[in-house]
>>> print(open('run-v1.cif').read())   # mmCIF, C-alpha atoms
data_query
loop_
_atom_site.group_PDB
_atom_site.id
_atom_site.type_symbol
_atom_site.label_atom_id
_atom_site.label_comp_id
_atom_site.auth_asym_id
_atom_site.auth_seq_id
_atom_site.Cartn_x
_atom_site.Cartn_y
_atom_site.Cartn_z
ATOM 1 C CA GLN M 3 60.499 -146.600 49.169
ATOM 2 C CA VAL M 4 59.409 -146.809 45.540
ATOM 3 C CA ARG M 5 56.029 -148.138 44.518
ATOM 4 C CA LEU M 6 55.669 -149.300 40.923
ATOM 5 C CA VAL M 7 52.379 -150.036 39.211
ATOM 6 C CA GLU M 8 52.270 -151.579 35.746
ATOM 7 C CA SER M 9 49.328 -151.337 33.371
ATOM 8 C CA GLY M 10 48.497 -151.871 29.729
ATOM 9 C CA GLY M 11 48.718 -155.635 29.460
ATOM 10 C CA GLY M 12 46.068 -157.726 27.783
ATOM 11 C CA LEU M 13 45.250 -160.194 25.042
ATOM 12 C CA VAL M 14 46.390 -159.400 21.510
ATOM 13 C CA GLN M 15 46.729 -161.325 18.269
ATOM 14 C CA ALA M 16 50.120 -162.125 16.822
ATOM 15 C CA GLY M 17 51.429 -159.157 14.869
ATOM 16 C CA GLY M 18 49.584 -156.710 17.093
ATOM 17 C CA SER M 19 50.849 -154.042 19.456
ATOM 18 C CA LEU M 20 50.567 -153.106 23.097
ATOM 19 C CA LYS M 21 52.003 -150.301 25.187
ATOM 20 C CA LEU M 22 52.819 -151.005 28.804
ATOM 21 C CA SER M 23 53.137 -148.260 31.388
ATOM 22 C CA CYS M 24 54.807 -148.305 34.782
ATOM 23 C CA ALA M 25 53.951 -145.466 37.125
ATOM 24 C CA ALA M 26 56.322 -144.801 40.004
ATOM 25 C CA SER M 27 55.395 -143.255 43.313
ATOM 26 C CA VAL M 28 58.646 -141.575 44.256
ATOM 27 C CA ARG M 29 59.792 -137.960 44.404
ATOM 28 C CA THR M 30 63.082 -138.553 42.625
ATOM 29 C CA PHE M 31 62.039 -140.750 39.702
ATOM 30 C CA SER M 32 64.755 -139.203 37.562
ATOM 31 C CA ALA M 33 67.367 -140.736 39.898
ATOM 32 C CA TYR M 34 66.376 -144.257 38.902
ATOM 33 C CA ALA M 35 67.358 -146.428 36.001
ATOM 34 C CA MET M 36 64.374 -148.518 34.947
ATOM 35 C CA ALA M 37 63.939 -151.859 33.273
ATOM 36 C CA TRP M 38 61.240 -154.209 32.044
ATOM 37 C CA PHE M 39 61.487 -157.913 32.790
ATOM 38 C CA ARG M 40 59.210 -160.726 31.813
ATOM 39 C CA ARG M 41 58.545 -164.217 33.076
ATOM 40 C CA ALA M 42 56.935 -166.731 30.766
ATOM 41 C CA PRO M 43 55.460 -169.978 32.097
ATOM 42 C CA GLY M 44 58.219 -172.486 32.758
ATOM 43 C CA LYS M 45 60.960 -170.010 31.906
ATOM 44 C CA GLU M 46 63.405 -167.873 33.824
ATOM 45 C CA ARG M 47 62.749 -164.203 34.295
ATOM 46 C CA GLU M 48 64.555 -162.146 31.662
ATOM 47 C CA CYS M 49 65.267 -158.487 31.105
ATOM 48 C CA VAL M 50 63.769 -157.299 27.839
ATOM 49 C CA ALA M 51 64.648 -153.602 28.019
ATOM 50 C CA ALA M 52 66.315 -151.042 30.244
ATOM 51 C CA ILE M 53 66.803 -147.288 30.247
ATOM 52 C CA THR M 54 69.022 -144.904 32.187
ATOM 53 C CA TRP M 55 67.727 -142.032 34.302
ATOM 54 C CA SER M 56 67.911 -139.551 31.429
ATOM 55 C CA GLY M 57 66.853 -141.889 28.672
ATOM 56 C CA ALA M 58 70.168 -141.386 26.916
ATOM 57 C CA SER M 59 71.050 -145.084 26.976
ATOM 58 C CA THR M 60 68.884 -148.109 26.410
ATOM 59 C CA TYR M 61 69.285 -151.872 26.318
ATOM 60 C CA TYR M 62 67.217 -154.492 24.511
ATOM 61 C CA ALA M 63 67.320 -158.242 24.613
ATOM 62 C CA ASP M 64 68.058 -159.760 21.211
ATOM 63 C CA SER M 65 64.643 -161.407 21.196
ATOM 64 C CA VAL M 66 62.848 -158.046 21.186
ATOM 65 C CA LYS M 67 65.311 -155.779 19.404
ATOM 66 C CA GLY M 68 63.633 -153.852 16.607
ATOM 67 C CA ARG M 69 60.138 -154.660 17.944
ATOM 68 C CA PHE M 70 60.080 -153.174 21.467
ATOM 69 C CA THR M 71 60.875 -149.606 22.497
ATOM 70 C CA ILE M 72 61.475 -148.443 26.049
ATOM 71 C CA SER M 73 60.982 -144.795 26.927
ATOM 72 C CA ARG M 74 60.359 -142.649 29.971
ATOM 73 C CA ASP M 75 58.733 -139.403 30.947
ATOM 74 C CA ASN M 76 60.385 -138.107 34.104
ATOM 75 C CA ALA M 77 57.803 -135.351 34.463
ATOM 76 C CA LYS M 78 55.116 -138.044 34.740
ATOM 77 C CA ASN M 79 57.176 -140.535 36.772
ATOM 78 C CA THR M 80 56.422 -143.163 34.139
ATOM 79 C CA VAL M 81 58.347 -145.622 32.024
ATOM 80 C CA TYR M 82 56.819 -147.230 28.949
ATOM 81 C CA LEU M 83 57.343 -150.319 26.844
ATOM 82 C CA LYS M 84 55.892 -150.151 23.351
ATOM 83 C CA MET M 85 55.648 -153.621 21.886
ATOM 84 C CA ASN M 86 55.086 -154.084 18.170
ATOM 85 C CA SER M 87 54.922 -157.188 15.970
ATOM 86 C CA LEU M 88 54.062 -159.293 18.966
ATOM 87 C CA LYS M 89 54.641 -163.025 18.812
ATOM 88 C CA PRO M 90 53.103 -165.851 20.855
ATOM 89 C CA GLU M 91 56.494 -166.306 22.520
ATOM 90 C CA ASP M 92 56.167 -162.801 23.986
ATOM 91 C CA THR M 93 53.396 -164.133 26.220
ATOM 92 C CA ALA M 94 54.487 -163.522 29.810
ATOM 93 C CA VAL M 95 53.938 -161.477 32.913
ATOM 94 C CA TYR M 96 55.798 -158.210 32.442
ATOM 95 C CA TYR M 97 57.347 -156.423 35.414
ATOM 96 C CA CYS M 98 59.031 -153.078 35.756
ATOM 97 C CA THR M 99 61.878 -152.538 38.159
ATOM 98 C CA ALA M 100 63.715 -149.494 39.486
ATOM 99 C CA ASP M 101 67.377 -149.163 40.375
ATOM 100 C CA TYR M 102 68.691 -146.071 42.167
ATOM 101 C CA ASP M 103 71.452 -144.867 39.850
ATOM 102 C CA PRO M 104 71.535 -141.107 39.445
ATOM 103 C CA SER M 105 73.868 -139.369 37.018
ATOM 104 C CA ASN M 106 74.892 -142.599 35.295
ATOM 105 C CA ASP M 107 74.121 -142.785 31.613
ATOM 106 C CA ARG M 108 75.325 -146.324 31.075
ATOM 107 C CA ILE M 109 73.201 -149.394 31.562
ATOM 108 C CA ARG M 110 74.785 -151.428 34.339
ATOM 109 C CA ALA M 111 75.005 -155.200 33.995
ATOM 110 C CA PRO M 112 73.446 -155.917 37.424
ATOM 111 C CA LEU M 113 70.273 -154.131 36.345
ATOM 112 C CA ILE M 114 69.969 -156.403 33.321
ATOM 113 C CA LEU M 115 70.908 -159.549 35.217
ATOM 114 C CA ARG M 116 69.000 -159.086 38.466
ATOM 115 C CA GLY M 117 66.823 -156.011 38.195
ATOM 116 C CA GLY M 118 66.653 -153.236 40.741
ATOM 117 C CA ASP M 119 65.614 -153.020 44.351
ATOM 118 C CA TYR M 120 61.991 -152.260 43.583
ATOM 119 C CA TRP M 121 59.474 -154.221 41.551
ATOM 120 C CA GLY M 122 55.919 -153.811 40.420
ATOM 121 C CA GLN M 123 53.263 -156.483 40.673
ATOM 122 C CA GLY M 124 53.331 -157.309 36.967
ATOM 123 C CA THR M 125 50.891 -157.163 34.081
ATOM 124 C CA GLN M 126 49.917 -160.131 31.925
ATOM 125 C CA VAL M 127 50.541 -160.016 28.180
ATOM 126 C CA THR M 128 49.029 -162.821 26.125
ATOM 127 C CA VAL M 129 49.668 -163.098 22.396
ATOM 128 C CA SER M 130 47.440 -165.486 20.505
ATOM 129 C CA SER M 131 48.525 -167.141 17.268
#
>>> encode(input="run-v1.cif", output="C-alpha cells")
Amino acid sequence: QVRLVESGGGLVQAGGSLKLSCAASVRTFSAYAMAWFRRAPGKERECVAAITWSGASTYYADSVKGRFTISRDNAKNTVYLKMNSLKPEDTAVYYCTADYDPSNDRIRAPLILRGGDYWGQGTQVTVSS
C-alpha cells in the first residue's frame, strides 16, 4: 500500500509560482514512477507531468511545457512540481499518483493516460488574473 500526501497548493496571482510536494509513505519509493494530474472544474482530469523512478525521463503536457518542472528526491520519498508563470487556466485540484514500475526509464503511456494505482487526496491551486 502506498499513501500519498500532496501539499503546497494555494492562491497565487497570474505570473506567480508555486511548488507542490507529494510525500509517499512506502519503503520502496524508488520503484515507482510518479505523475501529477490535475482536474479543473468542468474538465477531464489530465496528466501534466510524469517522471520515471530514477528521474532520467520526464513527460510534460504541451500546456505546461517550459513552465512546470517535475523532480523527485528518492531519499526523501517525495516528488515535486515546480510551477512558474502560472495562468488562470492552471487553476485546478492537483493530484499525484504512483505507478509501480521499477527499472524502467521510459514513461509508459498508461501512466499518462490513466495514472497509477495509488492517488493522493489532491491540493487546490487557484490562479487569479
>>> resolve_selection(input="run-v1.cif", expression="the PyMOL selection byres ((chain M and resi 80) around 8)", output="list of chain:residue names")
M:Ser23, M:Cys24, M:Ala25, M:Ala26, M:Arg74, M:Asp75, M:Asn76, M:Ala77, M:Lys78, M:Asn79, M:Val81, M:Tyr82
>>> residues_around(input="run-v1.cif", residues="Ser105 of chain M", least_positions_apart="4", cutoff="12 Å", atoms="all atoms listed in the file", output="list in words")
Ser32, Ala33, Tyr34, Ala35, Thr54, Trp55, Ser56, Gly57, Ala58, Ser59 and Ile109 of chain M
>>> residues_around(input="run-v1.cif", residues="Glu8 of chain M", least_positions_apart="5", cutoff="12 Å", atoms="only C-alpha atoms", output="PDB file with C-alpha atoms, in the frame of the given file")
ATOM      1  CA  LYS M  21      52.003-150.301  25.187  1.00  0.00           C
ATOM      2  CA  LEU M  22      52.819-151.005  28.804  1.00  0.00           C
ATOM      3  CA  SER M  23      53.137-148.260  31.388  1.00  0.00           C
ATOM      4  CA  CYS M  24      54.807-148.305  34.782  1.00  0.00           C
ATOM      5  CA  ALA M  25      53.951-145.466  37.125  1.00  0.00           C
ATOM      6  CA  ALA M  26      56.322-144.801  40.004  1.00  0.00           C
ATOM      7  CA  SER M  27      55.395-143.255  43.313  1.00  0.00           C
ATOM      8  CA  ALA M  37      63.939-151.859  33.273  1.00  0.00           C
ATOM      9  CA  TRP M  38      61.240-154.209  32.044  1.00  0.00           C
ATOM     10  CA  PHE M  39      61.487-157.913  32.790  1.00  0.00           C
ATOM     11  CA  THR M  80      56.422-143.163  34.139  1.00  0.00           C
ATOM     12  CA  VAL M  81      58.347-145.622  32.024  1.00  0.00           C
ATOM     13  CA  TYR M  82      56.819-147.230  28.949  1.00  0.00           C
ATOM     14  CA  LEU M  83      57.343-150.319  26.844  1.00  0.00           C
ATOM     15  CA  VAL M  95      53.938-161.477  32.913  1.00  0.00           C
ATOM     16  CA  TYR M  96      55.798-158.210  32.442  1.00  0.00           C
ATOM     17  CA  TYR M  97      57.347-156.423  35.414  1.00  0.00           C
ATOM     18  CA  CYS M  98      59.031-153.078  35.756  1.00  0.00           C
ATOM     19  CA  THR M  99      61.878-152.538  38.159  1.00  0.00           C
ATOM     20  CA  TRP M 121      59.474-154.221  41.551  1.00  0.00           C
ATOM     21  CA  GLY M 122      55.919-153.811  40.420  1.00  0.00           C
ATOM     22  CA  GLN M 123      53.263-156.483  40.673  1.00  0.00           C
ATOM     23  CA  GLY M 124      53.331-157.309  36.967  1.00  0.00           C
ATOM     24  CA  THR M 125      50.891-157.163  34.081  1.00  0.00           C
ATOM     25  CA  GLN M 126      49.917-160.131  31.925  1.00  0.00           C
ATOM     26  CA  VAL M 127      50.541-160.016  28.180  1.00  0.00           C
TER      27      VAL M 127
END
>>> closest_residue(input="run-v1.cif", among="M:Arg47, M:Lys89, M:Arg116, M:Arg69", to="Asp101 of chain M", atoms="all atoms listed in the file")
M:Arg116
>>> atom_distance(input="run-v1.cif", atom1="atom CA of Gln15 of chain M", atom2="atom CA of Met85 of chain M")
12.3 Å
>>> resolve_selection(input="run-v1.cif", expression="the PyMOL selection byres ((chain M and resi 114) around 9)", output="VMD selection string")
chain M and resid 37 39 48 to 52 61 109 to 113 115 to 118
>>> closest_residue(input="run-v1.cif", among="M:Asp107, M:Tyr120, M:Asp64, M:Thr93", to="Gly44 of chain M", atoms="only C-alpha atoms")
M:Thr93
>>> axis_aligned_box(input="run-v1.cif", around="segment 10-22 of chain M", padding_each_side="8 Å", output="AutoDock Vina command-line options")
--center_x 49.0 --center_y -156.2 --center_z 22.3 --size_x 23.6 --size_y 27.8 --size_z 30.9
>>> closest_residue(input="run-v1.cif", among="M:Ile53, M:Arg41, M:Gln3, M:Ala16", to="Arg29 of chain M", atoms="all atoms listed in the file")
M:Gln3
>>> atom_distance(input="run-v1.cif", atom1="atom CA of Val14 of chain M", atom2="atom CA of Thr128 of chain M")
6.3 Å
>>> atom_distance(input="run-v1.cif", atom1="atom CA of Tyr102 of chain M", atom2="atom CA of Val4 of chain M")
9.9 Å
>>> closest_residue(input="run-v1.cif", among="M:Ser19, M:Pro104, M:Ser73, M:Val28", to="Val7 of chain M", atoms="all atoms listed in the file")
M:Val28
>>> closest_residue(input="run-v1.cif", among="M:Ile72, M:Ala63, M:Leu20, M:Leu6", to="Leu88 of chain M", atoms="only C-alpha atoms")
M:Leu20
>>> closest_residue(input="run-v1.cif", among="M:Gly17, M:Glu46, M:Thr30, M:Ser130", to="Ser87 of chain M", atoms="only C-alpha atoms")
M:Gly17
>>> build_atoms(input="run-v1.cif", residues="segment 113-127 of chain M", atoms="N, CA and C atoms", output="short mmCIF file (atom, residue, chain, number, x, y, z; two decimals), in the frame of the given file")
data_model
loop_
_atom_site.label_atom_id
_atom_site.label_comp_id
_atom_site.auth_asym_id
_atom_site.auth_seq_id
_atom_site.Cartn_x
_atom_site.Cartn_y
_atom_site.Cartn_z
N LEU M 113 71.68 -154.46 36.61
CA LEU M 113 70.27 -154.13 36.34
C LEU M 113 69.69 -155.13 35.36
N ILE M 114 70.45 -155.47 34.34
CA ILE M 114 69.97 -156.40 33.32
C ILE M 114 69.89 -157.82 33.89
N LEU M 115 70.84 -158.17 34.71
CA LEU M 115 70.91 -159.55 35.22
C LEU M 115 69.94 -159.81 36.35
N ARG M 116 69.79 -158.81 37.24
CA ARG M 116 69.00 -159.09 38.47
C ARG M 116 67.85 -158.11 38.68
N GLY M 117 67.83 -157.02 37.94
CA GLY M 117 66.82 -156.01 38.20
C GLY M 117 67.24 -155.10 39.33
N GLY M 118 66.35 -154.19 39.69
CA GLY M 118 66.65 -153.24 40.74
C GLY M 118 66.11 -153.68 42.09
N ASP M 119 66.08 -152.72 43.00
CA ASP M 119 65.61 -153.02 44.35
C ASP M 119 64.09 -153.01 44.47
N TYR M 120 63.43 -152.42 43.50
CA TYR M 120 61.99 -152.26 43.58
C TYR M 120 61.32 -152.88 42.36
N TRP M 121 60.20 -153.52 42.61
CA TRP M 121 59.47 -154.22 41.55
C TRP M 121 57.99 -153.92 41.63
N GLY M 122 57.37 -153.90 40.46
CA GLY M 122 55.92 -153.81 40.42
C GLY M 122 55.30 -155.20 40.54
N GLN M 123 53.98 -155.23 40.49
CA GLN M 123 53.26 -156.48 40.67
C GLN M 123 53.11 -157.27 39.37
N GLY M 124 53.39 -156.63 38.26
CA GLY M 124 53.33 -157.31 36.97
C GLY M 124 52.02 -157.11 36.24
N THR M 125 52.09 -157.23 34.93
CA THR M 125 50.89 -157.16 34.08
C THR M 125 51.00 -158.26 33.03
N GLN M 126 49.91 -158.98 32.83
CA GLN M 126 49.92 -160.13 31.92
C GLN M 126 49.78 -159.68 30.47
N VAL M 127 50.64 -160.20 29.63
CA VAL M 127 50.54 -160.02 28.18
C VAL M 127 50.36 -161.39 27.56
#
